[in-house]
>>> print(open('query10.pdb').read())   # PDB, C-alpha atoms
ATOM      1  CA  MET A   1       0.000   0.000   0.000
ATOM      2  CA  ILE A   2       1.067   3.550  -0.713
ATOM      3  CA  SER A   3       1.336   5.699   2.396
ATOM      4  CA  SER A   4      -1.509   8.142   2.875
ATOM      5  CA  PRO A   5      -1.774  10.668   1.381
ATOM      6  CA  PRO A   6      -0.010   9.886  -1.904
ATOM      7  CA  THR A   7       3.027  11.947  -2.868
ATOM      8  CA  PHE A   8       4.232  13.401  -6.152
ATOM      9  CA  ALA A   9       6.626  10.445  -6.368
ATOM     10  CA  ASP A  10       3.623   8.094  -6.115
ATOM     11  CA  VAL A  11       2.003   9.840  -9.089
ATOM     12  CA  GLU A  12       5.221   9.514 -11.089
ATOM     13  CA  LYS A  13       5.418   5.827 -10.160
ATOM     14  CA  ALA A  14       1.797   5.364 -11.200
ATOM     15  CA  ALA A  15       2.576   6.959 -14.573
ATOM     16  CA  GLU A  16       5.323   4.396 -15.138
ATOM     17  CA  GLN A  17       3.097   1.523 -14.040
ATOM     18  CA  ILE A  18       0.173   2.349 -16.324
ATOM     19  CA  ALA A  19       2.298   3.433 -19.309
ATOM     20  CA  PRO A  20       2.031   0.046 -21.106
ATOM     21  CA  PHE A  21      -1.775   0.133 -20.884
ATOM     22  CA  ALA A  22      -3.134   3.699 -20.703
ATOM     23  CA  GLU A  23      -3.325   6.307 -23.453
ATOM     24  CA  LYS A  24      -1.518   9.626 -23.340
ATOM     25  CA  THR A  25      -4.527  11.744 -24.145
ATOM     26  CA  PRO A  26      -4.437  14.877 -26.324
ATOM     27  CA  VAL A  27      -4.842  18.494 -25.262
ATOM     28  CA  LEU A  28      -7.131  20.532 -27.530
ATOM     29  CA  LYS A  29      -7.697  24.275 -27.891
ATOM     30  CA  SER A  30     -10.386  26.470 -29.421
ATOM     31  CA  SER A  31      -9.921  30.145 -30.256
ATOM     32  CA  SER A  32     -13.683  30.701 -30.371
ATOM     33  CA  ILE A  33     -14.232  29.194 -26.900
ATOM     34  CA  ASN A  34     -11.244  31.172 -25.609
ATOM     35  CA  GLU A  35     -12.941  34.346 -26.799
ATOM     36  CA  MET A  36     -16.158  33.448 -24.987
ATOM     37  CA  ALA A  37     -14.255  32.624 -21.809
ATOM     38  CA  GLY A  38     -11.851  35.563 -21.861
ATOM     39  CA  ALA A  39      -9.063  33.114 -21.086
ATOM     40  CA  GLU A  40      -6.723  30.695 -22.850
ATOM     41  CA  LEU A  41      -8.113  27.205 -22.302
ATOM     42  CA  PHE A  42      -6.323  23.872 -22.610
ATOM     43  CA  PHE A  43      -8.667  20.872 -22.711
ATOM     44  CA  LYS A  44      -7.116  17.603 -21.452
ATOM     45  CA  CYS A  45      -9.280  15.052 -23.240
ATOM     46  CA  GLU A  46      -9.718  12.019 -21.019
ATOM     47  CA  ASN A  47     -12.738  11.120 -23.127
ATOM     48  CA  PHE A  48     -10.072   9.587 -25.391
ATOM     49  CA  GLN A  49      -8.733   7.442 -22.561
ATOM     50  CA  LYS A  50      -9.399   3.689 -22.530
ATOM     51  CA  VAL A  51     -13.039   3.007 -21.501
ATOM     52  CA  GLY A  52     -13.702   6.641 -22.427
ATOM     53  CA  ALA A  53     -12.782   8.103 -19.044
ATOM     54  CA  PHE A  54      -9.900   9.104 -16.755
ATOM     55  CA  LYS A  55     -11.020   6.349 -14.391
ATOM     56  CA  PHE A  56      -8.877   3.815 -16.249
ATOM     57  CA  ARG A  57      -5.733   5.507 -14.931
ATOM     58  CA  GLY A  58      -6.558   4.900 -11.281
ATOM     59  CA  ALA A  59      -8.110   1.481 -11.831
ATOM     60  CA  CYS A  60      -5.118   0.296 -13.818
ATOM     61  CA  ASN A  61      -2.676   1.556 -11.194
ATOM     62  CA  ALA A  62      -4.658  -0.065  -8.383
ATOM     63  CA  VAL A  63      -5.039  -3.443 -10.089
ATOM     64  CA  PHE A  64      -1.397  -3.713 -11.138
ATOM     65  CA  SER A  65      -0.235  -2.576  -7.671
ATOM     66  CA  LEU A  66      -1.809  -5.647  -6.065
ATOM     67  CA  THR A  67       0.339  -8.592  -5.077
ATOM     68  CA  ASP A  68      -0.479 -11.942  -6.686
ATOM     69  CA  GLU A  69      -2.018 -13.056  -3.395
ATOM     70  CA  GLU A  70      -4.213  -9.941  -3.146
ATOM     71  CA  ALA A  71      -5.374 -10.365  -6.746
ATOM     72  CA  SER A  72      -5.952 -14.127  -6.570
ATOM     73  CA  LYS A  73      -9.706 -13.886  -5.871
ATOM     74  CA  GLY A  74     -10.283 -10.935  -8.179
ATOM     75  CA  VAL A  75     -11.394  -7.431  -7.290
ATOM     76  CA  ALA A  76     -14.696  -5.778  -6.406
ATOM     77  CA  THR A  77     -16.107  -2.260  -6.354
ATOM     78  CA  HIS A  78     -19.263  -0.173  -6.522
ATOM     79  CA  SER A  79     -19.689   2.381  -9.301
ATOM     80  CA  SER A  80     -22.309   4.110 -11.441
ATOM     81  CA  GLY A  81     -20.307   3.339 -14.548
ATOM     82  CA  ASN A  82     -16.919   4.715 -15.533
ATOM     83  CA  HIS A  83     -14.922   3.261 -12.630
ATOM     84  CA  ALA A  84     -16.791  -0.022 -13.087
ATOM     85  CA  ALA A  85     -15.799  -0.216 -16.747
ATOM     86  CA  ALA A  86     -12.248   0.878 -15.979
ATOM     87  CA  LEU A  87     -11.769  -1.737 -13.280
ATOM     88  CA  SER A  88     -13.329  -4.390 -15.514
ATOM     89  CA  LEU A  89     -10.813  -3.659 -18.258
ATOM     90  CA  ALA A  90      -7.869  -3.460 -15.853
ATOM     91  CA  GLY A  91      -8.894  -6.792 -14.338
ATOM     92  CA  LYS A  92      -9.230  -8.316 -17.794
ATOM     93  CA  LEU A  93      -5.719  -7.139 -18.669
ATOM     94  CA  ARG A  94      -4.374  -8.777 -15.512
ATOM     95  CA  GLY A  95      -6.499 -11.877 -16.005
ATOM     96  CA  ILE A  96      -8.579 -11.673 -12.817
ATOM     97  CA  PRO A  97     -12.366 -11.519 -12.253
ATOM     98  CA  VAL A  98     -14.018  -8.186 -11.497
ATOM     99  CA  HIS A  99     -17.224  -7.913  -9.441
ATOM    100  CA  VAL A 100     -19.152  -4.647  -9.815
ATOM    101  CA  VAL A 101     -22.080  -3.336  -7.801
ATOM    102  CA  MET A 102     -24.031  -0.865  -9.953
ATOM    103  CA  PRO A 103     -27.163   1.166  -9.214
ATOM    104  CA  SER A 104     -30.135  -0.112 -11.192
ATOM    105  CA  ASN A 105     -30.613   3.289 -12.845
ATOM    106  CA  ALA A 106     -27.049   3.553 -14.188
ATOM    107  CA  PRO A 107     -26.913   4.622 -17.864
ATOM    108  CA  GLU A 108     -27.338   1.689 -20.235
ATOM    109  CA  ILE A 109     -24.185   2.597 -22.140
ATOM    110  CA  LYS A 110     -22.176   2.162 -18.940
ATOM    111  CA  LYS A 111     -23.836  -1.158 -18.081
ATOM    112  CA  ARG A 112     -22.988  -2.436 -21.555
ATOM    113  CA  ALA A 113     -19.397  -1.277 -21.199
ATOM    114  CA  VAL A 114     -18.907  -3.166 -17.925
ATOM    115  CA  LYS A 115     -20.356  -6.351 -19.421
ATOM    116  CA  GLY A 116     -18.267  -5.869 -22.550
ATOM    117  CA  PHE A 117     -15.059  -5.833 -20.522
ATOM    118  CA  GLY A 118     -16.105  -8.946 -18.609
ATOM    119  CA  GLY A 119     -17.276  -7.328 -15.374
ATOM    120  CA  ILE A 120     -19.747  -9.330 -13.266
ATOM    121  CA  ILE A 121     -22.586  -6.965 -12.299
ATOM    122  CA  THR A 122     -24.744  -7.055  -9.175
ATOM    123  CA  TYR A 123     -27.441  -4.380  -9.174
ATOM    124  CA  CYS A 124     -28.487  -2.318  -6.146
ATOM    125  CA  GLU A 125     -30.760   0.572  -5.240
ATOM    126  CA  PRO A 126     -29.446   3.985  -6.405
ATOM    127  CA  ILE A 127     -28.377   5.210  -2.950
ATOM    128  CA  LEU A 128     -24.946   5.060  -1.320
ATOM    129  CA  SER A 129     -26.042   2.881   1.606
ATOM    130  CA  SER A 130     -27.362   0.244  -0.796
ATOM    131  CA  ARG A 131     -24.167   0.349  -2.854
ATOM    132  CA  GLU A 132     -22.022  -0.204   0.231
ATOM    133  CA  SER A 133     -24.157  -2.944   1.806
ATOM    134  CA  THR A 134     -24.442  -4.832  -1.490
ATOM    135  CA  LEU A 135     -20.701  -4.580  -2.076
ATOM    136  CA  LYS A 136     -20.068  -5.932   1.431
ATOM    137  CA  THR A 137     -22.210  -8.964   0.604
ATOM    138  CA  VAL A 138     -20.398  -9.526  -2.698
ATOM    139  CA  VAL A 139     -16.967  -9.309  -1.047
ATOM    140  CA  GLU A 140     -17.997 -11.721   1.723
ATOM    141  CA  LYS A 141     -19.213 -14.191  -0.895
ATOM    142  CA  THR A 142     -16.326 -13.942  -3.376
ATOM    143  CA  HIS A 143     -13.408 -12.894  -1.135
ATOM    144  CA  ALA A 144     -12.489 -10.425  -3.875
ATOM    145  CA  TYR A 145     -10.159  -7.522  -3.036
ATOM    146  CA  GLU A 146     -12.172  -4.304  -2.685
ATOM    147  CA  ILE A 147     -10.989  -1.306  -4.693
ATOM    148  CA  HIS A 148     -12.922   1.829  -3.820
ATOM    149  CA  PRO A 149     -13.789   4.145  -6.739
ATOM    150  CA  TYR A 150     -11.903   7.088  -5.228
ATOM    151  CA  ASN A 151     -11.116   6.611  -1.534
ATOM    152  CA  ASP A 152      -7.911   4.679  -2.230
ATOM    153  CA  GLU A 153      -4.344   6.001  -2.377
ATOM    154  CA  ARG A 154      -3.500   4.001  -5.507
ATOM    155  CA  ILE A 155      -6.588   5.294  -7.280
ATOM    156  CA  ILE A 156      -5.740   8.895  -6.340
ATOM    157  CA  ALA A 157      -2.141   8.529  -7.551
ATOM    158  CA  GLY A 158      -3.319   7.005 -10.822
ATOM    159  CA  GLN A 159      -5.836   9.774 -11.469
ATOM    160  CA  GLY A 160      -3.089  12.326 -10.907
ATOM    161  CA  THR A 161      -1.270  11.110 -14.003
ATOM    162  CA  ALA A 162      -3.678  13.066 -16.227
ATOM    163  CA  ALA A 163      -2.585  16.365 -14.675
ATOM    164  CA  LEU A 164       1.024  15.167 -14.726
ATOM    165  CA  GLU A 165       0.828  14.785 -18.501
ATOM    166  CA  LEU A 166      -0.953  18.121 -18.869
ATOM    167  CA  LEU A 167       1.549  20.094 -16.777
ATOM    168  CA  ASN A 168       4.577  18.359 -18.264
ATOM    169  CA  THR A 169       3.398  19.637 -21.650
ATOM    170  CA  TYR A 170       2.110  23.037 -20.482
ATOM    171  CA  PRO A 171       4.027  23.904 -17.289
ATOM    172  CA  ASP A 172       3.049  27.590 -17.407
ATOM    173  CA  LEU A 173      -0.667  27.062 -16.719
ATOM    174  CA  ASN A 174      -2.056  29.376 -14.032
ATOM    175  CA  VAL A 175      -5.077  27.257 -13.130
ATOM    176  CA  VAL A 176      -6.326  23.679 -13.455
ATOM    177  CA  ILE A 177     -10.043  22.921 -13.139
ATOM    178  CA  THR A 178     -11.457  19.417 -12.723
ATOM    179  CA  PRO A 179     -14.915  18.004 -12.069
ATOM    180  CA  ILE A 180     -15.460  16.911  -8.487
ATOM    181  CA  GLY A 181     -17.556  13.984  -7.323
ATOM    182  CA  GLY A 182     -15.893  11.660  -4.859
ATOM    183  CA  GLY A 183     -12.679  13.626  -5.190
ATOM    184  CA  GLY A 184     -10.271  11.104  -6.709
ATOM    185  CA  LEU A 185      -9.495  13.124  -9.829
ATOM    186  CA  ILE A 186      -9.111  16.476  -8.146
ATOM    187  CA  SER A 187      -7.034  14.978  -5.307
ATOM    188  CA  GLY A 188      -4.628  13.385  -7.752
ATOM    189  CA  THR A 189      -4.588  16.607  -9.744
ATOM    190  CA  CYS A 190      -3.620  18.574  -6.634
ATOM    191  CA  ILE A 191      -0.695  16.286  -5.894
ATOM    192  CA  ALA A 192       0.577  16.234  -9.479
ATOM    193  CA  ALA A 193       0.050  19.919 -10.251
ATOM    194  CA  LYS A 194       1.435  21.230  -6.954
ATOM    195  CA  GLY A 195       4.412  18.913  -7.375
ATOM    196  CA  ILE A 196       5.269  20.642 -10.640
ATOM    197  CA  ASN A 197       4.194  24.174  -9.722
ATOM    198  CA  PRO A 198       3.462  24.903  -6.033
ATOM    199  CA  ASN A 199       1.840  28.217  -6.982
ATOM    200  CA  ILE A 200      -0.716  26.833  -9.428
ATOM    201  CA  THR A 201      -4.396  27.290  -8.540
ATOM    202  CA  ILE A 202      -6.631  24.217  -8.379
ATOM    203  CA  ILE A 203     -10.383  24.705  -8.746
ATOM    204  CA  GLY A 204     -13.194  22.161  -8.584
ATOM    205  CA  ALA A 205     -16.404  22.316 -10.599
ATOM    206  CA  GLU A 206     -19.676  20.652  -9.659
ATOM    207  CA  PRO A 207     -23.424  20.968 -10.342
ATOM    208  CA  LYS A 208     -25.536  23.177  -8.092
ATOM    209  CA  GLY A 209     -27.851  20.187  -7.741
ATOM    210  CA  ALA A 210     -25.039  18.103  -6.232
ATOM    211  CA  ASP A 211     -22.990  20.682  -4.360
ATOM    212  CA  ASP A 212     -21.758  18.643  -1.397
ATOM    213  CA  ALA A 213     -18.102  19.395  -2.183
ATOM    214  CA  TYR A 214     -18.810  23.132  -2.248
ATOM    215  CA  LEU A 215     -20.590  22.856   1.102
ATOM    216  CA  SER A 216     -17.845  20.627   2.536
ATOM    217  CA  LEU A 217     -15.039  23.011   1.629
ATOM    218  CA  ALA A 218     -17.002  25.941   3.065
ATOM    219  CA  LYS A 219     -17.739  24.096   6.324
ATOM    220  CA  GLY A 220     -14.322  22.468   6.681
ATOM    221  CA  GLU A 221     -15.744  18.983   7.069
ATOM    222  CA  ILE A 222     -17.415  16.424   4.827
ATOM    223  CA  VAL A 223     -21.064  17.207   4.119
ATOM    224  CA  PRO A 224     -22.638  13.999   2.739
ATOM    225  CA  GLN A 225     -24.331  14.034  -0.633
ATOM    226  CA  THR A 226     -28.114  13.810  -0.218
ATOM    227  CA  ASN A 227     -30.716  13.609  -2.978
ATOM    228  CA  PRO A 228     -28.507  14.934  -5.797
ATOM    229  CA  ASN A 229     -30.373  16.241  -8.834
ATOM    230  CA  THR A 230     -28.203  16.634 -11.925
ATOM    231  CA  ILE A 231     -27.603  15.168 -15.355
ATOM    232  CA  ALA A 232     -23.909  14.816 -14.411
ATOM    233  CA  ASP A 233     -24.332  11.216 -13.244
ATOM    234  CA  GLY A 234     -20.602  10.768 -12.588
ATOM    235  CA  LEU A 235     -20.616  13.423  -9.858
ATOM    236  CA  LEU A 236     -23.130  11.974  -7.414
ATOM    237  CA  SER A 237     -20.720  10.556  -4.823
ATOM    238  CA  SER A 238     -19.858  12.059  -1.449
ATOM    239  CA  LEU A 239     -16.254  13.047  -0.777
ATOM    240  CA  GLY A 240     -14.007  10.409   0.780
ATOM    241  CA  LYS A 241     -12.036  10.477   4.013
ATOM    242  CA  LYS A 242      -8.836  10.152   1.985
ATOM    243  CA  THR A 243      -9.713  12.683  -0.722
ATOM    244  CA  PHE A 244     -11.157  15.481   1.410
ATOM    245  CA  PRO A 245      -7.982  16.311   3.396
ATOM    246  CA  ILE A 246      -6.099  16.768   0.102
ATOM    247  CA  ILE A 247      -8.904  18.918  -1.289
ATOM    248  CA  LYS A 248      -9.103  20.972   1.904
ATOM    249  CA  LYS A 249      -5.357  21.638   1.773
ATOM    250  CA  HIS A 250      -4.889  22.411  -1.916
ATOM    251  CA  VAL A 251      -8.161  23.394  -3.649
ATOM    252  CA  SER A 252      -8.691  27.160  -3.769
ATOM    253  CA  LYS A 253     -12.418  27.035  -4.408
ATOM    254  CA  ILE A 254     -15.245  25.035  -5.901
ATOM    255  CA  LEU A 255     -17.465  26.637  -8.528
ATOM    256  CA  THR A 256     -21.033  25.392  -8.888
ATOM    257  CA  VAL A 257     -22.847  25.427 -12.217
ATOM    258  CA  SER A 258     -26.419  25.222 -13.472
ATOM    259  CA  GLU A 259     -27.898  22.338 -15.439
ATOM    260  CA  LYS A 260     -28.527  24.750 -18.301
ATOM    261  CA  GLY A 261     -24.862  25.723 -18.171
ATOM    262  CA  ILE A 262     -23.763  22.072 -18.280
ATOM    263  CA  ILE A 263     -25.884  21.406 -21.368
ATOM    264  CA  ARG A 264     -24.662  24.588 -23.048
ATOM    265  CA  ALA A 265     -21.019  23.695 -22.378
ATOM    266  CA  MET A 266     -21.432  20.111 -23.547
ATOM    267  CA  ARG A 267     -23.074  21.172 -26.799
ATOM    268  CA  LEU A 268     -20.440  23.855 -27.332
ATOM    269  CA  VAL A 269     -17.657  21.270 -27.058
ATOM    270  CA  TRP A 270     -19.448  18.922 -29.449
ATOM    271  CA  GLU A 271     -19.845  21.746 -31.984
ATOM    272  CA  ARG A 272     -16.549  23.639 -31.654
ATOM    273  CA  LEU A 273     -14.071  20.895 -30.723
ATOM    274  CA  ASN A 274     -15.925  18.161 -32.642
ATOM    275  CA  ILE A 275     -15.570  15.665 -29.795
ATOM    276  CA  ILE A 276     -18.065  13.930 -27.509
ATOM    277  CA  ILE A 277     -17.981  14.616 -23.782
ATOM    278  CA  GLU A 278     -20.470  13.641 -21.102
ATOM    279  CA  PRO A 279     -22.196  16.048 -18.681
ATOM    280  CA  SER A 280     -19.721  15.335 -15.873
ATOM    281  CA  SER A 281     -16.936  16.581 -18.162
ATOM    282  CA  ALA A 282     -18.857  19.654 -19.241
ATOM    283  CA  VAL A 283     -19.012  21.112 -15.728
ATOM    284  CA  VAL A 284     -15.443  22.431 -16.060
ATOM    285  CA  LEU A 285     -16.231  24.532 -19.122
ATOM    286  CA  ALA A 286     -19.573  25.539 -17.615
ATOM    287  CA  ALA A 287     -17.667  26.814 -14.573
ATOM    288  CA  VAL A 288     -15.423  28.965 -16.757
ATOM    289  CA  LEU A 289     -18.345  30.364 -18.754
ATOM    290  CA  GLU A 290     -20.617  31.011 -15.743
ATOM    291  CA  HIS A 291     -17.822  32.531 -13.637
ATOM    292  CA  THR A 292     -15.847  34.443 -16.275
ATOM    293  CA  GLU A 293     -14.193  36.871 -13.858
ATOM    294  CA  GLU A 294     -12.494  34.040 -11.960
ATOM    295  CA  ASN A 295     -10.014  33.216 -14.717
ATOM    296  CA  ARG A 296     -10.072  36.153 -17.108
ATOM    297  CA  GLY A 297      -6.760  36.538 -18.939
ATOM    298  CA  LYS A 298      -5.295  33.351 -17.447
ATOM    299  CA  LYS A 299      -4.014  30.095 -18.913
ATOM    300  CA  VAL A 300      -6.431  27.447 -17.693
ATOM    301  CA  GLY A 301      -6.201  23.677 -17.982
ATOM    302  CA  LEU A 302      -9.533  21.858 -17.931
ATOM    303  CA  ILE A 303      -9.732  18.106 -17.531
ATOM    304  CA  PHE A 304     -12.549  16.492 -19.485
ATOM    305  CA  SER A 305     -13.250  13.439 -17.333
ATOM    306  CA  GLY A 306     -15.008  11.257 -19.906
ATOM    307  CA  GLY A 307     -17.178  10.879 -22.965
ATOM    308  CA  ASN A 308     -19.639   8.076 -22.236
ATOM    309  CA  ILE A 309     -23.145   9.214 -23.038
ATOM    310  CA  ASP A 310     -26.395   7.654 -24.226
ATOM    311  CA  LEU A 311     -26.785   8.981 -27.764
ATOM    312  CA  ASP A 312     -30.447   7.936 -27.816
ATOM    313  CA  ASN A 313     -31.239  10.335 -24.967
ATOM    314  CA  LEU A 314     -29.425  13.618 -25.558
ATOM    315  CA  TYR A 315     -30.220  16.642 -23.419
ATOM    316  CA  TRP A 316     -31.042  19.117 -26.174
TER     317      TRP A 316
END
>>> encode(input="query10.pdb", output="structure tokens")
Amino acid sequence: MISSPPTFADVEKAAEQIAPFAEKTPVLKSSSINEMAGAELFFKCENFQKVGAFKFRGACNAVFSLTDEEASKGVATHSSGNHAAALSLAGKLRGIPVHVVMPSNAPEIKKRAVKGFGGIITYCEPILSSRESTLKTVVEKTHAYEIHPYNDERIIAGQGTAALELLNTYPDLNVVITPIGGGGLISGTCIAAKGINPNITIIGAEPKGADDAYLSLAKGEIVPQTNPNTIADGLLSSLGKKTFPIIKKHVSKILTVSEKGIIRAMRLVWERLNIIIEPSSAVVLAAVLEHTEENRGKKVGLIFSGGNIDLDNLYW
């Protein structure tokens, strides 16, 4: 196990470990979006990552960090989709079974992805308590090694490799903005970005209808997610005990965005960058466009977390 919290060296080690399996994703720019934002934006496109999301980085690092004994019975997790698919693929690459607890209302595209990568799905009610109790039952039955979607040092270090790539290419960025759900991506981003540039500003973006991270940072303690209402289905988790201390130490602020703003940003990316992103990715651009004074005139890196979306049920 990596010591808690992970260090910059852990992120660098994770980058080496996942290099044979993960993609080095591109960074795109748009002069027209820059003009709207009043800033120079650099889009780190994790929608081009394996399984269509940054989650593969952390899952791959976690799975390949296990000893043979730890991995012998397979791995298990709970996830609404992207982490489930990522862990399923990572397990397939290592040749071990993957047990996934998914909420019954998870998007069909994400259910199909998990099955496609060989994940064994057990469905549960779409609330955190049901996810956790069902996972406990699965682990007791299978003796699989539990890998939490974000509250795990190896996951955090793996997610930080996206920002590591971004900052190694563009070290003069003033700000990096990531979506924030459970906090794995932004925690890893903090460690990687601050390791390269201690003065860089890290900002989180989340929906107003699921603003537990905003409330948590303001209060100084974890405020659990309750009854979230947003199309950004990847941002419904509460912060973790291992992610929140990193966020509390390094994140300058969290910007909340409207559902209308998320849809506008997502459509704008589809039209101007000609790529597909999901609502959870779009929150970062929505944050820039709805809070233009925050980053005016700055060089801003935005991490698009994924691009898995049901094309039969678009939001416009």
>>> closest_residue(input="query10.pdb", among="A:Ser65, A:Gln225, A:Thr256, A:Asn295", to="A:Val176", atoms="only C-alpha atoms")
A:Asn295
>>> residues_near_point(input="query10.pdb", point="(-27.4, 1.5, -13.6)", cutoff="9 Å", atoms="only C-alpha atoms", output="JSON, numbers by chain")
{"A": [79, 80, 81, 102, 103, 104, 105, 106, 107, 108, 110, 111, 123, 124, 126]}
>>> resolve_selection(input="query10.pdb", expression="the PyMOL selection byres ((chain A and resi 85-94) around 9)", output="compact mmCIF listing (two decimals) with C-alpha atoms, keeping the file's coordinate frame")
# COMPACT_ATOMS: atom_id res chain seq x y z
CA PHE A 21 -1.78 0.13 -20.88
CA LYS A 50 -9.40 3.69 -22.53
CA VAL A 51 -13.04 3.01 -21.50
CA GLY A 52 -13.70 6.64 -22.43
CA ALA A 53 -12.78 8.10 -19.04
CA PHE A 54 -9.90 9.10 -16.76
CA LYS A 55 -11.02 6.35 -14.39
CA PHE A 56 -8.88 3.82 -16.25
CA ARG A 57 -5.73 5.51 -14.93
CA GLY A 58 -6.56 4.90 -11.28
CA ALA A 59 -8.11 1.48 -11.83
CA CYS A 60 -5.12 0.30 -13.82
CA ASN A 61 -2.68 1.56 -11.19
CA ALA A 62 -4.66 -0.06 -8.38
CA VAL A 63 -5.04 -3.44 -10.09
CA PHE A 64 -1.40 -3.71 -11.14
CA ALA A 71 -5.37 -10.36 -6.75
CA GLY A 74 -10.28 -10.94 -8.18
CA VAL A 75 -11.39 -7.43 -7.29
CA ALA A 76 -14.70 -5.78 -6.41
CA THR A 77 -16.11 -2.26 -6.35
CA SER A 79 -19.69 2.38 -9.30
CA GLY A 81 -20.31 3.34 -14.55
CA ASN A 82 -16.92 4.72 -15.53
CA HIS A 83 -14.92 3.26 -12.63
CA ALA A 84 -16.79 -0.02 -13.09
CA GLY A 95 -6.50 -11.88 -16.00
CA ILE A 96 -8.58 -11.67 -12.82
CA PRO A 97 -12.37 -11.52 -12.25
CA VAL A 98 -14.02 -8.19 -11.50
CA HIS A 99 -17.22 -7.91 -9.44
CA VAL A 100 -19.15 -4.65 -9.82
CA LYS A 110 -22.18 2.16 -18.94
CA LYS A 111 -23.84 -1.16 -18.08
CA ARG A 112 -22.99 -2.44 -21.56
CA ALA A 113 -19.40 -1.28 -21.20
CA VAL A 114 -18.91 -3.17 -17.92
CA LYS A 115 -20.36 -6.35 -19.42
CA GLY A 116 -18.27 -5.87 -22.55
CA PHE A 117 -15.06 -5.83 -20.52
CA GLY A 118 -16.10 -8.95 -18.61
CA GLY A 119 -17.28 -7.33 -15.37
CA ILE A 120 -19.75 -9.33 -13.27
CA ILE A 147 -10.99 -1.31 -4.69
>>> atom_distance(input="query10.pdb", atom1="atom CA of A:Asp312", atom2="atom CA of A:Pro179")
24.3 Å
>>> closest_residue(input="query10.pdb", among="A:Leu255, A:Leu185, A:Thr201, A:Lys13", to="A:Leu217", atoms="only C-alpha atoms")
A:Leu255
>>> atom_distance(input="query10.pdb", atom1="atom CA of A:Glu259", atom2="atom CA of A:Ala232")
8.6 Å
>>> residues_near_point(input="query10.pdb", point="(-9.4, 22.1, -2.0)", cutoff="9 Å", atoms="only C-alpha atoms", output="ChimeraX atom specification")
/A:186-187,190,202-204,217,244-254
>>> axis_aligned_box(input="query10.pdb", around="stretch 174-190 of chain A", padding_each_side="4 Å", output="AutoDock Vina command-line options")
--center_x -9.8 --center_y 20.2 --center_z -9.4 --size_x 23.5 --size_y 26.3 --size_z 17.2
>>> residues_around(input="query10.pdb", residues="A:Ala193", least_positions_apart="3", cutoff="12 Å", atoms="all atoms listed in the file", output="PyMOL selection string")
chain A and resi 7-8+11-12+157+159-178+185-190+196-203+250-251+301
>>> residues_around(input="query10.pdb", residues="stretch 278-285 of chain A", least_positions_apart="4", cutoff="7 Å", atoms="only C-alpha atoms", output="list in words")
Ile177, Thr178, Pro179, Ala205, Glu206, Pro207, Ile231, Ala232, Asp233, Gly234, Leu235, Val257, Ile262, Ala265, Met266, Leu289, Leu302, Phe304, Ser305, Gly306, Gly307, Asn308 and Ile309 of chain A
>>> write_last_selection(input="query10.pdb", atoms="C-alpha atoms", output="PDB file, in the coordinates of the input")
ATOM      1  CA  ILE A 177     -10.043  22.921 -13.139  1.00  0.00           C
ATOM      2  CA  THR A 178     -11.457  19.417 -12.723  1.00  0.00           C
ATOM      3  CA  PRO A 179     -14.915  18.004 -12.069  1.00  0.00           C
ATOM      4  CA  ALA A 205     -16.404  22.316 -10.599  1.00  0.00           C
ATOM      5  CA  GLU A 206     -19.676  20.652  -9.659  1.00  0.00           C
ATOM      6  CA  PRO A 207     -23.424  20.968 -10.342  1.00  0.00           C
ATOM      7  CA  ILE A 231     -27.603  15.168 -15.355  1.00  0.00           C
ATOM      8  CA  ALA A 232     -23.909  14.816 -14.411  1.00  0.00           C
ATOM      9  CA  ASP A 233     -24.332  11.216 -13.244  1.00  0.00           C
ATOM     10  CA  GLY A 234     -20.602  10.768 -12.588  1.00  0.00           C
ATOM     11  CA  LEU A 235     -20.616  13.423  -9.858  1.00  0.00           C
ATOM     12  CA  VAL A 257     -22.847  25.427 -12.217  1.00  0.00           C
ATOM     13  CA  ILE A 262     -23.763  22.072 -18.280  1.00  0.00           C
ATOM     14  CA  ALA A 265     -21.019  23.695 -22.378  1.00  0.00           C
ATOM     15  CA  MET A 266     -21.432  20.111 -23.547  1.00  0.00           C
ATOM     16  CA  LEU A 289     -18.345  30.364 -18.754  1.00  0.00           C
ATOM     17  CA  LEU A 302      -9.533  21.858 -17.931  1.00  0.00           C
ATOM     18  CA  PHE A 304     -12.549  16.492 -19.485  1.00  0.00           C
ATOM     19  CA  SER A 305     -13.250  13.439 -17.333  1.00  0.00           C
ATOM     20  CA  GLY A 306     -15.008  11.257 -19.906  1.00  0.00           C
ATOM     21  CA  GLY A 307     -17.178  10.879 -22.965  1.00  0.00           C
ATOM     22  CA  ASN A 308     -19.639   8.076 -22.236  1.00  0.00           C
ATOM     23  CA  ILE A 309     -23.145   9.214 -23.038  1.00  0.00           C
TER      24      ILE A 309
END
>>> atom_distance(input="query10.pdb", atom1="atom CA of A:Pro228", atom2="atom CA of A:Ser129")
14.4 Å
>>> resolve_selection(input="query10.pdb", expression="the PyMOL selection byres ((chain A and resi 148-151) around 7)", output="MDAnalysis selection string")
chainID A and resid 77:79 83 146:147 152:153 155:156 182:184 240:243
>>> closest_residue(input="query10.pdb", among="A:Pro26, A:Pro20, A:Gly261, A:Pro5", to="A:Lys208", atoms="all atoms listed in the file")
A:Gly261
>>> closest_residue(input="query10.pdb", among="A:Ala144, A:Leu314, A:Leu239, A:Ala39", to="A:Arg267", atoms="only C-alpha atoms")
A:Leu314
>>> residues_around(input="query10.pdb", residues="A:Ile275", least_positions_apart="5", cutoff="9 Å", atoms="only C-alpha atoms", output="PyMOL selection string")
chain A and resi 47+269-270+307
>>> closest_residue(input="query10.pdb", among="A:Gly38, A:Val223, A:Leu268, A:Val101", to="A:Glu132", atoms="only C-alpha atoms")
A:Val101
